[in-house]
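Reproduced below: data_7.txt, with compact mmCIF, C-alpha atoms and all ligand atoms.
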# COMPACT_ATOMS: atom_id res chain seq x y z
CA MET A 24 97.74 112.97 101.19
CA ILE A 25 99.00 114.28 104.54
CA ASP A 26 102.58 113.20 105.29
CA LEU A 27 103.71 113.08 108.93
CA THR A 28 106.91 111.15 108.24
CA GLY A 29 109.59 112.05 110.80
CA LYS A 30 107.05 113.39 113.32
CA ASN A 31 106.58 111.95 116.81
CA ALA A 32 103.20 112.05 118.54
CA LEU A 33 101.78 111.33 121.99
CA VAL A 34 98.09 110.46 122.34
CA THR A 35 96.43 110.09 125.76
CA GLY A 36 93.52 107.71 126.31
CA ALA A 37 94.76 105.82 123.26
CA GLY A 38 93.85 102.30 124.41
CA ARG A 39 90.50 102.26 122.66
CA GLY A 40 87.83 104.33 120.93
CA ILE A 41 88.64 107.72 119.44
CA GLY A 42 92.16 107.87 120.94
CA LYS A 43 93.15 104.54 119.41
CA GLU A 44 91.81 105.61 116.01
CA ILE A 45 93.75 108.90 116.28
CA ALA A 46 96.95 106.94 117.04
CA LEU A 47 96.37 104.60 114.08
CA SER A 48 95.58 107.47 111.71
CA LEU A 49 98.68 109.44 112.75
CA ALA A 50 100.72 106.26 112.15
CA ARG A 51 99.12 105.69 108.74
CA ALA A 52 100.21 109.25 107.85
CA GLY A 53 103.79 108.27 108.78
CA ALA A 54 104.20 109.47 112.40
CA HIS A 55 105.71 107.45 115.23
CA VAL A 56 103.20 107.30 118.09
CA ALA A 57 103.29 106.88 121.86
CA LEU A 58 99.99 105.60 123.22
CA CYS A 59 99.20 106.43 126.84
CA ASP A 60 96.29 104.89 128.74
CA ILE A 61 95.37 104.29 132.35
CA ASP A 62 94.78 100.67 131.31
CA PRO A 63 98.24 99.26 130.47
CA ASP A 64 96.88 96.20 128.62
CA SER A 65 94.82 98.26 126.20
CA ALA A 66 97.78 100.60 125.61
CA GLN A 67 99.95 97.55 124.75
CA THR A 68 97.35 96.05 122.40
CA ALA A 69 96.73 99.37 120.64
CA ALA A 70 100.50 99.94 120.32
CA ALA A 71 100.85 96.52 118.66
CA ASP A 72 98.14 97.58 116.17
CA VAL A 73 100.06 100.81 115.44
CA GLU A 74 103.25 98.81 114.86
CA SER A 75 101.43 96.64 112.34
CA VAL A 76 100.79 99.84 110.33
CA GLY A 77 104.59 100.08 110.03
CA SER A 78 105.30 102.87 112.53
CA LYS A 79 107.28 102.87 115.75
CA ALA A 80 104.90 102.65 118.73
CA LEU A 81 105.46 103.10 122.44
CA ALA A 82 102.91 101.93 125.02
CA LEU A 83 102.78 104.13 128.13
CA SER A 84 100.60 103.73 131.19
CA ALA A 85 99.54 106.65 133.37
CA ASN A 86 96.58 108.24 135.05
CA VAL A 87 96.85 111.59 133.25
CA SER A 88 95.03 113.42 136.05
CA ASP A 89 97.92 112.69 138.44
CA ALA A 90 100.84 115.15 138.25
CA GLY A 91 103.47 112.61 139.37
CA GLU A 92 102.30 109.96 136.89
CA VAL A 93 102.26 112.51 134.04
CA LYS A 94 105.85 113.55 134.83
CA GLU A 95 106.99 109.92 134.81
CA MET A 96 105.03 109.22 131.63
CA PHE A 97 106.75 112.14 129.82
CA SER A 98 110.15 110.94 131.00
CA SER A 99 109.37 107.44 129.59
CA TYR A 100 108.19 109.12 126.39
CA PHE A 101 111.51 110.94 125.99
CA SER A 102 113.47 107.72 126.63
CA GLY A 103 111.76 106.33 123.52
CA PHE A 104 111.40 109.41 121.29
CA GLU A 105 113.73 112.38 120.82
CA THR A 106 111.10 115.02 119.95
CA LEU A 107 107.45 115.72 120.70
CA ASP A 108 105.85 117.17 117.57
CA ILE A 109 102.18 116.39 118.21
CA LEU A 110 100.38 116.10 121.56
CA VAL A 111 96.76 114.92 121.54
CA ASN A 112 94.95 115.32 124.87
CA ASN A 113 92.15 112.81 124.32
CA ALA A 114 91.64 110.94 127.62
CA GLY A 115 88.16 111.62 128.95
CA ILE A 116 85.42 110.12 131.11
CA THR A 117 81.76 110.76 131.87
CA ARG A 118 79.91 110.48 135.20
CA ASP A 119 76.47 111.72 134.14
CA SER A 120 73.75 112.94 136.50
CA LEU A 121 71.41 115.88 136.95
CA ILE A 122 73.02 118.40 139.31
CA MET A 123 70.66 117.61 142.21
CA ARG A 124 72.04 114.07 142.37
CA LEU A 125 75.59 114.77 141.17
CA LYS A 126 78.13 113.57 143.73
CA GLU A 127 81.13 115.81 144.47
CA GLU A 128 83.47 112.88 143.72
CA HIS A 129 81.98 112.63 140.22
CA TRP A 130 82.42 116.37 139.65
CA ASP A 131 86.07 116.09 140.73
CA ALA A 132 86.79 112.91 138.73
CA VAL A 133 85.46 114.35 135.47
CA LEU A 134 87.16 117.75 135.89
CA ASN A 135 90.44 116.04 136.81
CA VAL A 136 90.54 113.53 133.94
CA ASN A 137 89.10 115.80 131.24
CA LEU A 138 90.64 119.19 132.13
CA LYS A 139 93.42 118.97 134.71
CA SER A 140 95.09 116.28 132.57
CA ALA A 141 95.41 118.73 129.66
CA TYR A 142 96.96 121.35 131.96
CA LEU A 143 99.48 118.75 133.23
CA CYS A 144 100.35 117.36 129.78
CA CYS A 145 100.57 120.79 128.10
CA LYS A 146 102.87 121.97 130.90
CA GLU A 147 105.20 119.00 130.28
CA ALA A 148 105.05 119.50 126.50
CA ALA A 149 105.68 123.25 126.62
CA ARG A 150 109.44 123.20 127.22
CA PRO A 151 110.42 120.63 124.54
CA MET A 152 108.09 122.23 121.99
CA MET A 153 109.36 125.76 122.76
CA LYS A 154 112.95 124.52 122.47
CA ALA A 155 112.11 122.98 119.09
CA ARG A 156 110.31 126.21 118.11
CA GLY A 157 107.30 124.30 116.86
CA GLY A 158 104.62 121.78 117.73
CA LYS A 159 100.96 120.91 117.54
CA ILE A 160 98.67 120.51 120.53
CA ILE A 161 95.20 119.16 119.87
CA ASN A 162 92.66 118.92 122.68
CA ILE A 163 89.64 116.67 122.28
CA ALA A 164 86.72 118.69 123.62
CA SER A 165 83.03 118.07 122.82
CA VAL A 166 80.08 119.92 121.33
CA VAL A 167 78.61 119.64 124.83
CA GLY A 168 81.25 122.16 125.97
CA ILE A 169 79.76 124.63 123.48
CA MET A 170 76.03 123.96 123.77
CA GLY A 171 75.61 122.32 127.21
CA ASN A 172 73.69 119.12 127.86
CA ALA A 173 71.20 118.38 130.63
CA GLY A 174 72.61 115.66 132.88
CA GLN A 175 76.24 116.41 132.04
CA VAL A 176 77.10 119.54 134.05
CA ASN A 177 80.51 118.15 135.08
CA TYR A 178 81.36 116.91 131.57
CA ALA A 179 80.14 120.09 129.84
CA ALA A 180 82.06 122.29 132.30
CA SER A 181 85.23 120.24 131.76
CA LYS A 182 84.97 120.51 127.97
CA ALA A 183 84.13 124.25 128.06
CA GLY A 184 87.19 124.63 130.31
CA LEU A 185 89.28 122.72 127.78
CA ILE A 186 88.20 125.17 125.09
CA GLY A 187 89.29 128.10 127.31
CA LEU A 188 92.61 126.36 127.96
CA THR A 189 93.06 125.82 124.19
CA LYS A 190 92.48 129.50 123.33
CA THR A 191 94.73 130.74 126.12
CA LEU A 192 97.63 128.43 125.26
CA ALA A 193 97.21 129.32 121.58
CA ARG A 194 97.93 132.93 122.59
CA GLU A 195 100.80 132.00 124.95
CA PHE A 196 102.51 129.77 122.35
CA ALA A 197 101.73 131.57 119.07
CA SER A 198 105.09 133.35 118.85
CA ARG A 199 106.87 129.97 119.21
CA ALA A 200 105.03 128.46 116.21
CA ILE A 201 103.14 126.05 118.43
CA ASN A 202 99.56 125.64 117.23
CA VAL A 203 96.95 124.82 119.87
CA ASN A 204 93.52 123.79 118.65
CA ALA A 205 90.54 121.78 119.86
CA VAL A 206 88.40 119.24 118.07
CA ALA A 207 84.83 119.09 119.35
CA PRO A 208 83.19 115.80 118.36
CA GLY A 209 79.44 115.49 118.35
CA PHE A 210 77.94 112.05 118.97
CA ILE A 211 80.48 109.44 117.94
CA GLN A 212 79.91 105.68 117.99
CA THR A 213 82.22 104.39 120.80
CA ALA A 214 82.00 102.63 124.19
CA MET A 215 81.14 106.06 125.68
CA THR A 216 77.97 106.40 123.56
CA ASP A 217 77.18 102.64 123.55
CA LYS A 218 75.99 103.24 127.14
CA LEU A 219 73.03 105.31 125.79
CA SER A 220 69.64 103.64 125.38
CA ASP A 221 68.27 103.08 121.85
CA SER A 222 65.62 105.74 122.46
CA ASP A 223 68.29 108.27 123.53
CA LYS A 224 70.36 107.43 120.43
CA GLU A 225 67.31 107.94 118.22
CA ARG A 226 66.50 111.26 119.93
CA LEU A 227 70.08 112.46 119.42
CA THR A 228 70.29 111.31 115.81
CA ASN A 229 67.11 113.26 115.06
CA GLN A 230 68.89 116.48 116.16
CA ILE A 231 71.82 115.95 113.77
CA PRO A 232 71.33 117.58 110.34
CA MET A 233 73.24 114.69 108.69
CA SER A 234 71.01 112.19 110.61
CA LEU A 235 73.80 109.85 111.68
CA LEU A 236 76.33 109.35 114.46
CA GLY A 237 79.97 109.98 113.59
CA SER A 238 82.81 107.46 113.67
CA PRO A 239 86.17 107.63 115.50
CA GLN A 240 87.74 107.92 112.03
CA ASP A 241 85.81 111.18 111.40
CA VAL A 242 87.44 112.67 114.52
CA ALA A 243 90.87 111.22 113.70
CA ASN A 244 90.77 112.82 110.22
CA ALA A 245 90.39 116.28 111.82
CA VAL A 246 93.25 115.55 114.24
CA VAL A 247 95.59 114.41 111.44
CA PHE A 248 94.86 117.67 109.58
CA LEU A 249 95.48 119.82 112.69
CA GLY A 250 98.64 117.81 113.40
CA SER A 251 100.03 118.49 109.95
CA SER A 252 101.74 121.47 108.33
CA LEU A 253 98.47 122.16 106.46
CA SER A 254 97.15 123.76 109.67
CA GLY A 255 100.15 126.09 110.00
CA TYR A 256 98.11 129.33 110.11
CA ILE A 257 95.30 127.94 112.30
CA THR A 258 95.47 128.33 116.08
CA GLY A 259 93.03 128.76 118.97
CA GLN A 260 90.19 127.22 116.99
CA VAL A 261 87.52 124.68 117.82
CA LEU A 262 86.79 122.37 114.91
CA THR A 263 83.42 120.68 115.39
CA VAL A 264 83.08 117.18 113.91
CA ASP A 265 79.40 116.63 114.44
CA GLY A 266 77.37 116.20 111.24
CA GLY A 267 76.23 119.82 111.53
CA LEU A 268 74.84 119.65 115.09
CA VAL A 269 76.47 122.94 116.11
CA MET A 270 76.52 125.73 113.53
N1 LIG B 1 82.26 109.22 122.01
C1 LIG B 1 81.72 110.41 121.81
O1 LIG B 1 80.60 110.53 121.32
C2 LIG B 1 82.47 111.65 122.17
C3 LIG B 1 81.90 112.89 121.85
C4 LIG B 1 82.57 114.05 122.16
C5 LIG B 1 83.81 113.99 122.78
N2 LIG B 1 84.35 112.79 123.07
C6 LIG B 1 85.66 112.81 123.74
O2 LIG B 1 86.57 112.01 123.01
C7 LIG B 1 87.53 111.44 123.91
C8 LIG B 1 87.57 109.94 123.71
O3 LIG B 1 86.28 109.40 123.92
P1 LIG B 1 85.90 107.88 123.61
O4 LIG B 1 84.48 107.87 123.24
O5 LIG B 1 86.90 107.26 122.73
O6 LIG B 1 86.02 107.27 125.11
P2 LIG B 1 86.37 105.81 125.59
O7 LIG B 1 85.79 105.69 126.95
O8 LIG B 1 86.02 104.78 124.57
O9 LIG B 1 87.99 105.86 125.69
C9 LIG B 1 88.64 106.69 126.60
C10 LIG B 1 90.02 106.12 126.89
O10 LIG B 1 90.64 106.97 127.86
C11 LIG B 1 91.23 106.16 128.86
N3 LIG B 1 91.28 106.90 130.12
C12 LIG B 1 90.24 107.19 130.95
N4 LIG B 1 90.68 107.84 132.03
C13 LIG B 1 92.03 107.99 131.89
C14 LIG B 1 93.03 108.56 132.70
N5 LIG B 1 92.75 109.13 133.89
N6 LIG B 1 94.32 108.53 132.25
C15 LIG B 1 94.63 107.95 131.08
N7 LIG B 1 93.69 107.37 130.27
C16 LIG B 1 92.41 107.38 130.68
C17 LIG B 1 90.33 104.95 128.95
O11 LIG B 1 91.00 103.84 129.56
C18 LIG B 1 89.98 104.71 127.49
O12 LIG B 1 90.92 103.88 126.84
C19 LIG B 1 87.10 111.86 125.32
O13 LIG B 1 87.81 113.01 125.71
C20 LIG B 1 85.63 112.20 125.13
O14 LIG B 1 85.18 113.12 126.09
C21 LIG B 1 83.72 111.61 122.79
Rewrite the structure of this file - the entire thing - as structure tokens.
Ligand SMILES: NC(=O)c1ccc[n+]([C@@H]2O[C@H](COP(=O)([O-])OP(=O)(O)OC[C@H]3O[C@@H](n4cnc5c(N)ncnc54)[C@H](O)[C@@H]3O)[C@@H](O)[C@H]2O)c1
Amino acid sequence: MIDLTGKNALVTGAGRGIGKEIALSLARAGAHVALCDIDPDSAQTAAADVESVGSKALALSANVSDAGEVKEMFSSYFSGFETLDILVNNAGITRDSLIMRLKEEHWDAVLNVNLKSAYLCCKEAARPMMKARGGKIINIASVVGIMGNAGQVNYAASKAGLIGLTKTLAREFASRAINVNAVAPGFIQTAMTDKLSDSDKERLTNQIPMSLLGSPQDVANAVVFLGSSLSGYITGQVLTVDGGLVM
């Protein structure tokens, strides 16, 4: 059993889906959790669910692609919690289209929310984690950032960029005992994948060796492991949680 008692965590995009499950799972392991979402109501509701697990929860609202909002969000975080032991950069969006029809605003939106947000949040987390001489940063990437996916050039580029950011920060922070890793989910049953047609879901499932979509809990389990002391000698890695899709 992984024990995160005494640890404080911040999860972005925690109002629903994978982020909410990560927050709940960290709390079940004993951590106190701050839940940040662009949608304040969902952050509040998810924080109430975390409190019912028995952990301290803090609901924070910010657009994590905006530098000013991220700064304010971190200052609210540190009014509630003294340390930042685990940062999970999970907020992400899709704006899918083949490149010929892909609008520049959709390229920018996806790169900003999925990649720039991690740069902004890691920058804010760096000083307190370095001062504490320890910490865990976990970036939620995607298998699409490894293998590409027709119709998702913006999303795939953002997730490949997140993997590059993860490996680079792992090198920059290694001597300070800060582990930086990525989790790359495959196809997980959430609002993001509910948008797919039944035929698309069937086509995707047929490509997965385990022949099923994953659950938010499958991703959260990997995050709890990487957030714990059990991952002490692991940094700069990409852990795929995908039923064997990428191997
Ligand atoms: N669902 C999948 O199959 C799948 C697969 C691979 C990777 N992922 C990644 O996992 C993460 C979570 O995905 P999900 O399926 O739970 O998505 P989701 O759409 O269900 O939830 C995303 C959450 O992020 C929040 N958010 C969006 N933009 C934000 C912003 N600018 N600032 C703060 N919060 C913001 C949303 O309000 C929402 O609560 C994403 O990074 C996604 O790319 C998902």
Excluding same-chain residues fewer than 2 positions from range 111-117 of chain A, what lies within 8 Å of it counting only C-alpha atoms, as a JSON list (two decimals) with C-alpha atoms, in the coordinates of the input?
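Contents of around24.json, freshly written:
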[["chain", "number", "residue", "atom", "x", "y", "z"],
["A", 32, "ALA", "CA", 103.20, 112.05, 118.54],
["A", 33, "LEU", "CA", 101.78, 111.33, 121.99],
["A", 34, "VAL", "CA", 98.09, 110.46, 122.34],
["A", 35, "THR", "CA", 96.43, 110.09, 125.76],
["A", 36, "GLY", "CA", 93.52, 107.71, 126.31],
["A", 37, "ALA", "CA", 94.76, 105.82, 123.26],
["A", 41, "ILE", "CA", 88.64, 107.72, 119.44],
["A", 42, "GLY", "CA", 92.16, 107.87, 120.94],
["A", 60, "ASP", "CA", 96.29, 104.89, 128.74],
["A", 87, "VAL", "CA", 96.85, 111.59, 133.25],
["A", 109, "ILE", "CA", 102.18, 116.39, 118.21],
["A", 119, "ASP", "CA", 76.47, 111.72, 134.14],
["A", 133, "VAL", "CA", 85.46, 114.35, 135.47],
["A", 136, "VAL", "CA", 90.54, 113.53, 133.94],
["A", 137, "ASN", "CA", 89.10, 115.80, 131.24],
["A", 140, "SER", "CA", 95.09, 116.28, 132.57],
["A", 141, "ALA", "CA", 95.41, 118.73, 129.66],
["A", 144, "CYS", "CA", 100.35, 117.36, 129.78],
["A", 160, "ILE", "CA", 98.67, 120.51, 120.53],
["A", 161, "ILE", "CA", 95.20, 119.16, 119.87],
["A", 162, "ASN", "CA", 92.66, 118.92, 122.68],
["A", 163, "ILE", "CA", 89.64, 116.67, 122.28],
["A", 175, "GLN", "CA", 76.24, 116.41, 132.04],
["A", 178, "TYR", "CA", 81.36, 116.91, 131.57],
["A", 215, "MET", "CA", 81.14, 106.06, 125.68]]
As JSON, please: the centre and edge lengths in Å, to one decimal, of an axis-aligned box enclosing every listed atom of range 118-132 of chain A with 5 Å added on each side.
{"center_x": 78.7, "center_y": 114.4, "center_z": 139.3, "size_x": 26.1, "size_y": 17.9, "size_z": 20.3}
**OP:** Do a neighbour search on range 62-76 of chain A at 9 Å with all atoms listed in the file, toss out local chain neighbours closer than 4 positions, and write the hits as a PyMOL selection string.
**Re:** chain A and resi 36-39+43+46-48+50-51+55-58+80-86
Do you know which residues are at most 12 Å from Ala200 in chain A counting all atoms listed in the file, after dropping those on the same chain fewer than 4 positions away, and could you put them as an mmCIF file with C-alpha atoms, in the coordinates of the input?
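Okay, out.cif is ready:
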data_model
loop_
_atom_site.group_PDB
_atom_site.id
_atom_site.type_symbol
_atom_site.label_atom_id
_atom_site.label_comp_id
_atom_site.auth_asym_id
_atom_site.auth_seq_id
_atom_site.Cartn_x
_atom_site.Cartn_y
_atom_site.Cartn_z
ATOM 1 C CA ASP A 108 105.850 117.170 117.570
ATOM 2 C CA ALA A 149 105.680 123.250 126.620
ATOM 3 C CA MET A 152 108.090 122.230 121.990
ATOM 4 C CA MET A 153 109.360 125.760 122.760
ATOM 5 C CA LYS A 154 112.950 124.520 122.470
ATOM 6 C CA ALA A 155 112.110 122.980 119.090
ATOM 7 C CA ARG A 156 110.310 126.210 118.110
ATOM 8 C CA GLY A 157 107.300 124.300 116.860
ATOM 9 C CA GLY A 158 104.620 121.780 117.730
ATOM 10 C CA LYS A 159 100.960 120.910 117.540
ATOM 11 C CA ILE A 160 98.670 120.510 120.530
ATOM 12 C CA LEU A 192 97.630 128.430 125.260
ATOM 13 C CA ALA A 193 97.210 129.320 121.580
ATOM 14 C CA ARG A 194 97.930 132.930 122.590
ATOM 15 C CA GLU A 195 100.800 132.000 124.950
ATOM 16 C CA PHE A 196 102.510 129.770 122.350
ATOM 17 C CA SER A 252 101.740 121.470 108.330
ATOM 18 C CA SER A 254 97.150 123.760 109.670
ATOM 19 C CA GLY A 255 100.150 126.090 110.000
ATOM 20 C CA TYR A 256 98.110 129.330 110.110
ATOM 21 C CA ILE A 257 95.300 127.940 112.300
ATOM 22 C CA THR A 258 95.470 128.330 116.080
#
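Take atom O3 of ligand LIG 1 (chain B) and CA of Thr213 in chain A: the distance between them is 7.2 Å.
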Original post:
By how many Å are atom O1 of ligand LIG 1 (chain B) and CA of Leu138 in chain A apart?
Top reply: 17.1 Å
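CA of Asn177 in chain A lies 6.7 Å from CA of Leu134 in chain A.
The residue that comes closest to ligand LIG 1 (chain B), out of A:Asn172, A:Ser165, A:Gln240, A:Asn202 and on the basis of all atoms listed in the file, is A:Ser165.
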**OP:** Excluding Val264 in chain A and any residue of its chain fewer than 2 positions from it, enumerate the residues within 8 Å of it, using all atoms listed in the file, and give them as a ChimeraX atom specification.
**Re:** /A:206-209,237,241-242,245,262,266-267
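Considering all atoms listed in the file, the residue among A:Ala197, A:Val93, A:Lys182, A:Phe210 positioned nearest to Glu225 in chain A is A:Phe210.
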Original post:
Do you know which residues lie at most 9 Å from (111.6, 104.8, 123.3), with coordinates as in the file and only C-alpha atoms counted, and could you write them as a list in words?
Top reply: Ala57, Lys79, Ala80, Leu81, Ser99, Tyr100, Phe101, Ser102, Gly103, Phe104 and Glu105 of chain A
Write the residues you've just listed into a file as a tab-separated table (two decimals), in the frame of the given file, and include C-alpha atoms for each of them.
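And here's result-v6.tsv as it stands now:
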chain	number	residue	atom	x	y	z
A	57	ALA	CA	103.29	106.88	121.86
A	79	LYS	CA	107.28	102.87	115.75
A	80	ALA	CA	104.90	102.65	118.73
A	81	LEU	CA	105.46	103.10	122.44
A	99	SER	CA	109.37	107.44	129.59
A	100	TYR	CA	108.19	109.12	126.39
A	101	PHE	CA	111.51	110.94	125.99
A	102	SER	CA	113.47	107.72	126.63
A	103	GLY	CA	111.76	106.33	123.52
A	104	PHE	CA	111.40	109.41	121.29
A	105	GLU	CA	113.73	112.38	120.82
**OP:** Pick out the closest residue to Asp217 in chain A from this set: A:Ile45, A:Leu236, A:Ala205, A:Ile231. Count only C-alpha atoms.
**Re:** A:Leu236
Original post:
Which is closer to ligand LIG 1 (chain B) than all the others in A:Cys145, A:Ala214, A:Ala183, A:Met24, using all atoms listed in the file?
Top reply: A:Ala214
**OP:** Find, counting all atoms listed in the file, the residue in A:Arg118, A:Ala148, A:Thr106, A:Leu125 that gets nearest to Ile201 in chain A.
**Re:** A:Ala148
Original post:
Of the candidates A:Leu143, A:Leu235, A:Ala90, A:Ile61, which shows the shortest atom-to-atom distance to ligand LIG 1 (chain B), using only C-alpha atoms and all ligand atoms?
Top reply: A:Ile61
What would range 62-86 of chain A look like with N, CA and C atoms in place, written as a PDB file, in the frame of the given file?
ATOM      1  N   ASP A  62      94.845 102.129 131.387  1.00  0.00           N
ATOM      2  CA  ASP A  62      94.780 100.670 131.310  1.00  0.00           C
ATOM      3  C   ASP A  62      95.984 100.170 130.500  1.00  0.00           C
ATOM      4  N   PRO A  63      97.015  99.615 131.189  1.00  0.00           N
ATOM      5  CA  PRO A  63      98.240  99.260 130.470  1.00  0.00           C
ATOM      6  C   PRO A  63      98.016  98.204 129.388  1.00  0.00           C
ATOM      7  N   ASP A  64      97.096  97.257 129.623  1.00  0.00           N
ATOM      8  CA  ASP A  64      96.880  96.200 128.620  1.00  0.00           C
ATOM      9  C   ASP A  64      96.340  96.766 127.320  1.00  0.00           C
ATOM     10  N   SER A  65      95.386  97.703 127.442  1.00  0.00           N
ATOM     11  CA  SER A  65      94.820  98.260 126.200  1.00  0.00           C
ATOM     12  C   SER A  65      95.856  99.126 125.485  1.00  0.00           C
ATOM     13  N   ALA A  66      96.725  99.801 126.253  1.00  0.00           N
ATOM     14  CA  ALA A  66      97.780 100.600 125.610  1.00  0.00           C
ATOM     15  C   ALA A  66      98.718  99.683 124.829  1.00  0.00           C
ATOM     16  N   GLN A  67      99.057  98.521 125.415  1.00  0.00           N
ATOM     17  CA  GLN A  67      99.950  97.550 124.750  1.00  0.00           C
ATOM     18  C   GLN A  67      99.312  97.025 123.464  1.00  0.00           C
ATOM     19  N   THR A  68      98.033  96.625 123.566  1.00  0.00           N
ATOM     20  CA  THR A  68      97.350  96.050 122.400  1.00  0.00           C
ATOM     21  C   THR A  68      97.241  97.088 121.280  1.00  0.00           C
ATOM     22  N   ALA A  69      96.875  98.317 121.665  1.00  0.00           N
ATOM     23  CA  ALA A  69      96.730  99.370 120.640  1.00  0.00           C
ATOM     24  C   ALA A  69      98.093  99.697 120.020  1.00  0.00           C
ATOM     25  N   ALA A  70      99.161  99.659 120.852  1.00  0.00           N
ATOM     26  CA  ALA A  70     100.500  99.940 120.320  1.00  0.00           C
ATOM     27  C   ALA A  70     100.904  98.864 119.321  1.00  0.00           C
ATOM     28  N   ALA A  71     100.535  97.607 119.602  1.00  0.00           N
ATOM     29  CA  ALA A  71     100.850  96.520 118.660  1.00  0.00           C
ATOM     30  C   ALA A  71     100.125  96.774 117.334  1.00  0.00           C
ATOM     31  N   ASP A  72      98.889  97.273 117.399  1.00  0.00           N
ATOM     32  CA  ASP A  72      98.140  97.580 116.170  1.00  0.00           C
ATOM     33  C   ASP A  72      98.828  98.700 115.387  1.00  0.00           C
ATOM     34  N   VAL A  73      99.359  99.701 116.116  1.00  0.00           N
ATOM     35  CA  VAL A  73     100.060 100.810 115.440  1.00  0.00           C
ATOM     36  C   VAL A  73     101.330 100.296 114.770  1.00  0.00           C
ATOM     37  N   GLU A  74     102.022  99.373 115.455  1.00  0.00           N
ATOM     38  CA  GLU A  74     103.250  98.810 114.860  1.00  0.00           C
ATOM     39  C   GLU A  74     102.924  98.052 113.580  1.00  0.00           C
ATOM     40  N   SER A  75     101.754  97.410 113.555  1.00  0.00           N
ATOM     41  CA  SER A  75     101.430  96.640 112.340  1.00  0.00           C
ATOM     42  C   SER A  75     101.144  97.559 111.157  1.00  0.00           C
ATOM     43  N   VAL A  76     100.929  98.861 111.426  1.00  0.00           N
ATOM     44  CA  VAL A  76     100.790  99.840 110.330  1.00  0.00           C
ATOM     45  C   VAL A  76     102.174 100.174 109.756  1.00  0.00           C
ATOM     46  N   GLY A  77     103.232  99.835 110.539  1.00  0.00           N
ATOM     47  CA  GLY A  77     104.590 100.080 110.030  1.00  0.00           C
ATOM     48  C   GLY A  77     105.295 101.222 110.735  1.00  0.00           C
ATOM     49  N   SER A  78     104.687 101.758 111.803  1.00  0.00           N
ATOM     50  CA  SER A  78     105.300 102.870 112.530  1.00  0.00           C
ATOM     51  C   SER A  78     105.867 102.379 113.853  1.00  0.00           C
ATOM     52  N   LYS A  79     106.798 103.173 114.409  1.00  0.00           N
ATOM     53  CA  LYS A  79     107.280 102.870 115.750  1.00  0.00           C
ATOM     54  C   LYS A  79     106.167 103.232 116.737  1.00  0.00           C
ATOM     55  N   ALA A  80     105.925 102.356 117.718  1.00  0.00           N
ATOM     56  CA  ALA A  80     104.900 102.650 118.730  1.00  0.00           C
ATOM     57  C   ALA A  80     105.461 102.406 120.118  1.00  0.00           C
ATOM     58  N   LEU A  81     104.996 103.210 121.060  1.00  0.00           N
ATOM     59  CA  LEU A  81     105.460 103.100 122.440  1.00  0.00           C
ATOM     60  C   LEU A  81     104.211 103.074 123.318  1.00  0.00           C
ATOM     61  N   ALA A  82     104.059 102.005 124.114  1.00  0.00           N
ATOM     62  CA  ALA A  82     102.910 101.930 125.020  1.00  0.00           C
ATOM     63  C   ALA A  82     103.298 102.521 126.370  1.00  0.00           C
ATOM     64  N   LEU A  83     102.502 103.473 126.850  1.00  0.00           N
ATOM     65  CA  LEU A  83     102.780 104.130 128.130  1.00  0.00           C
ATOM     66  C   LEU A  83     101.541 104.009 128.995  1.00  0.00           C
ATOM     67  N   SER A  84     101.755 103.814 130.306  1.00  0.00           N
ATOM     68  CA  SER A  84     100.600 103.730 131.190  1.00  0.00           C
ATOM     69  C   SER A  84     100.671 104.829 132.234  1.00  0.00           C
ATOM     70  N   ALA A  85      99.596 105.597 132.348  1.00  0.00           N
ATOM     71  CA  ALA A  85      99.540 106.650 133.370  1.00  0.00           C
ATOM     72  C   ALA A  85      98.101 107.096 133.562  1.00  0.00           C
ATOM     73  N   ASN A  86      97.821 107.518 134.795  1.00  0.00           N
ATOM     74  CA  ASN A  86      96.580 108.240 135.050  1.00  0.00           C
ATOM     75  C   ASN A  86      96.919 109.709 134.774  1.00  0.00           C
TER      76      ASN A  86
END
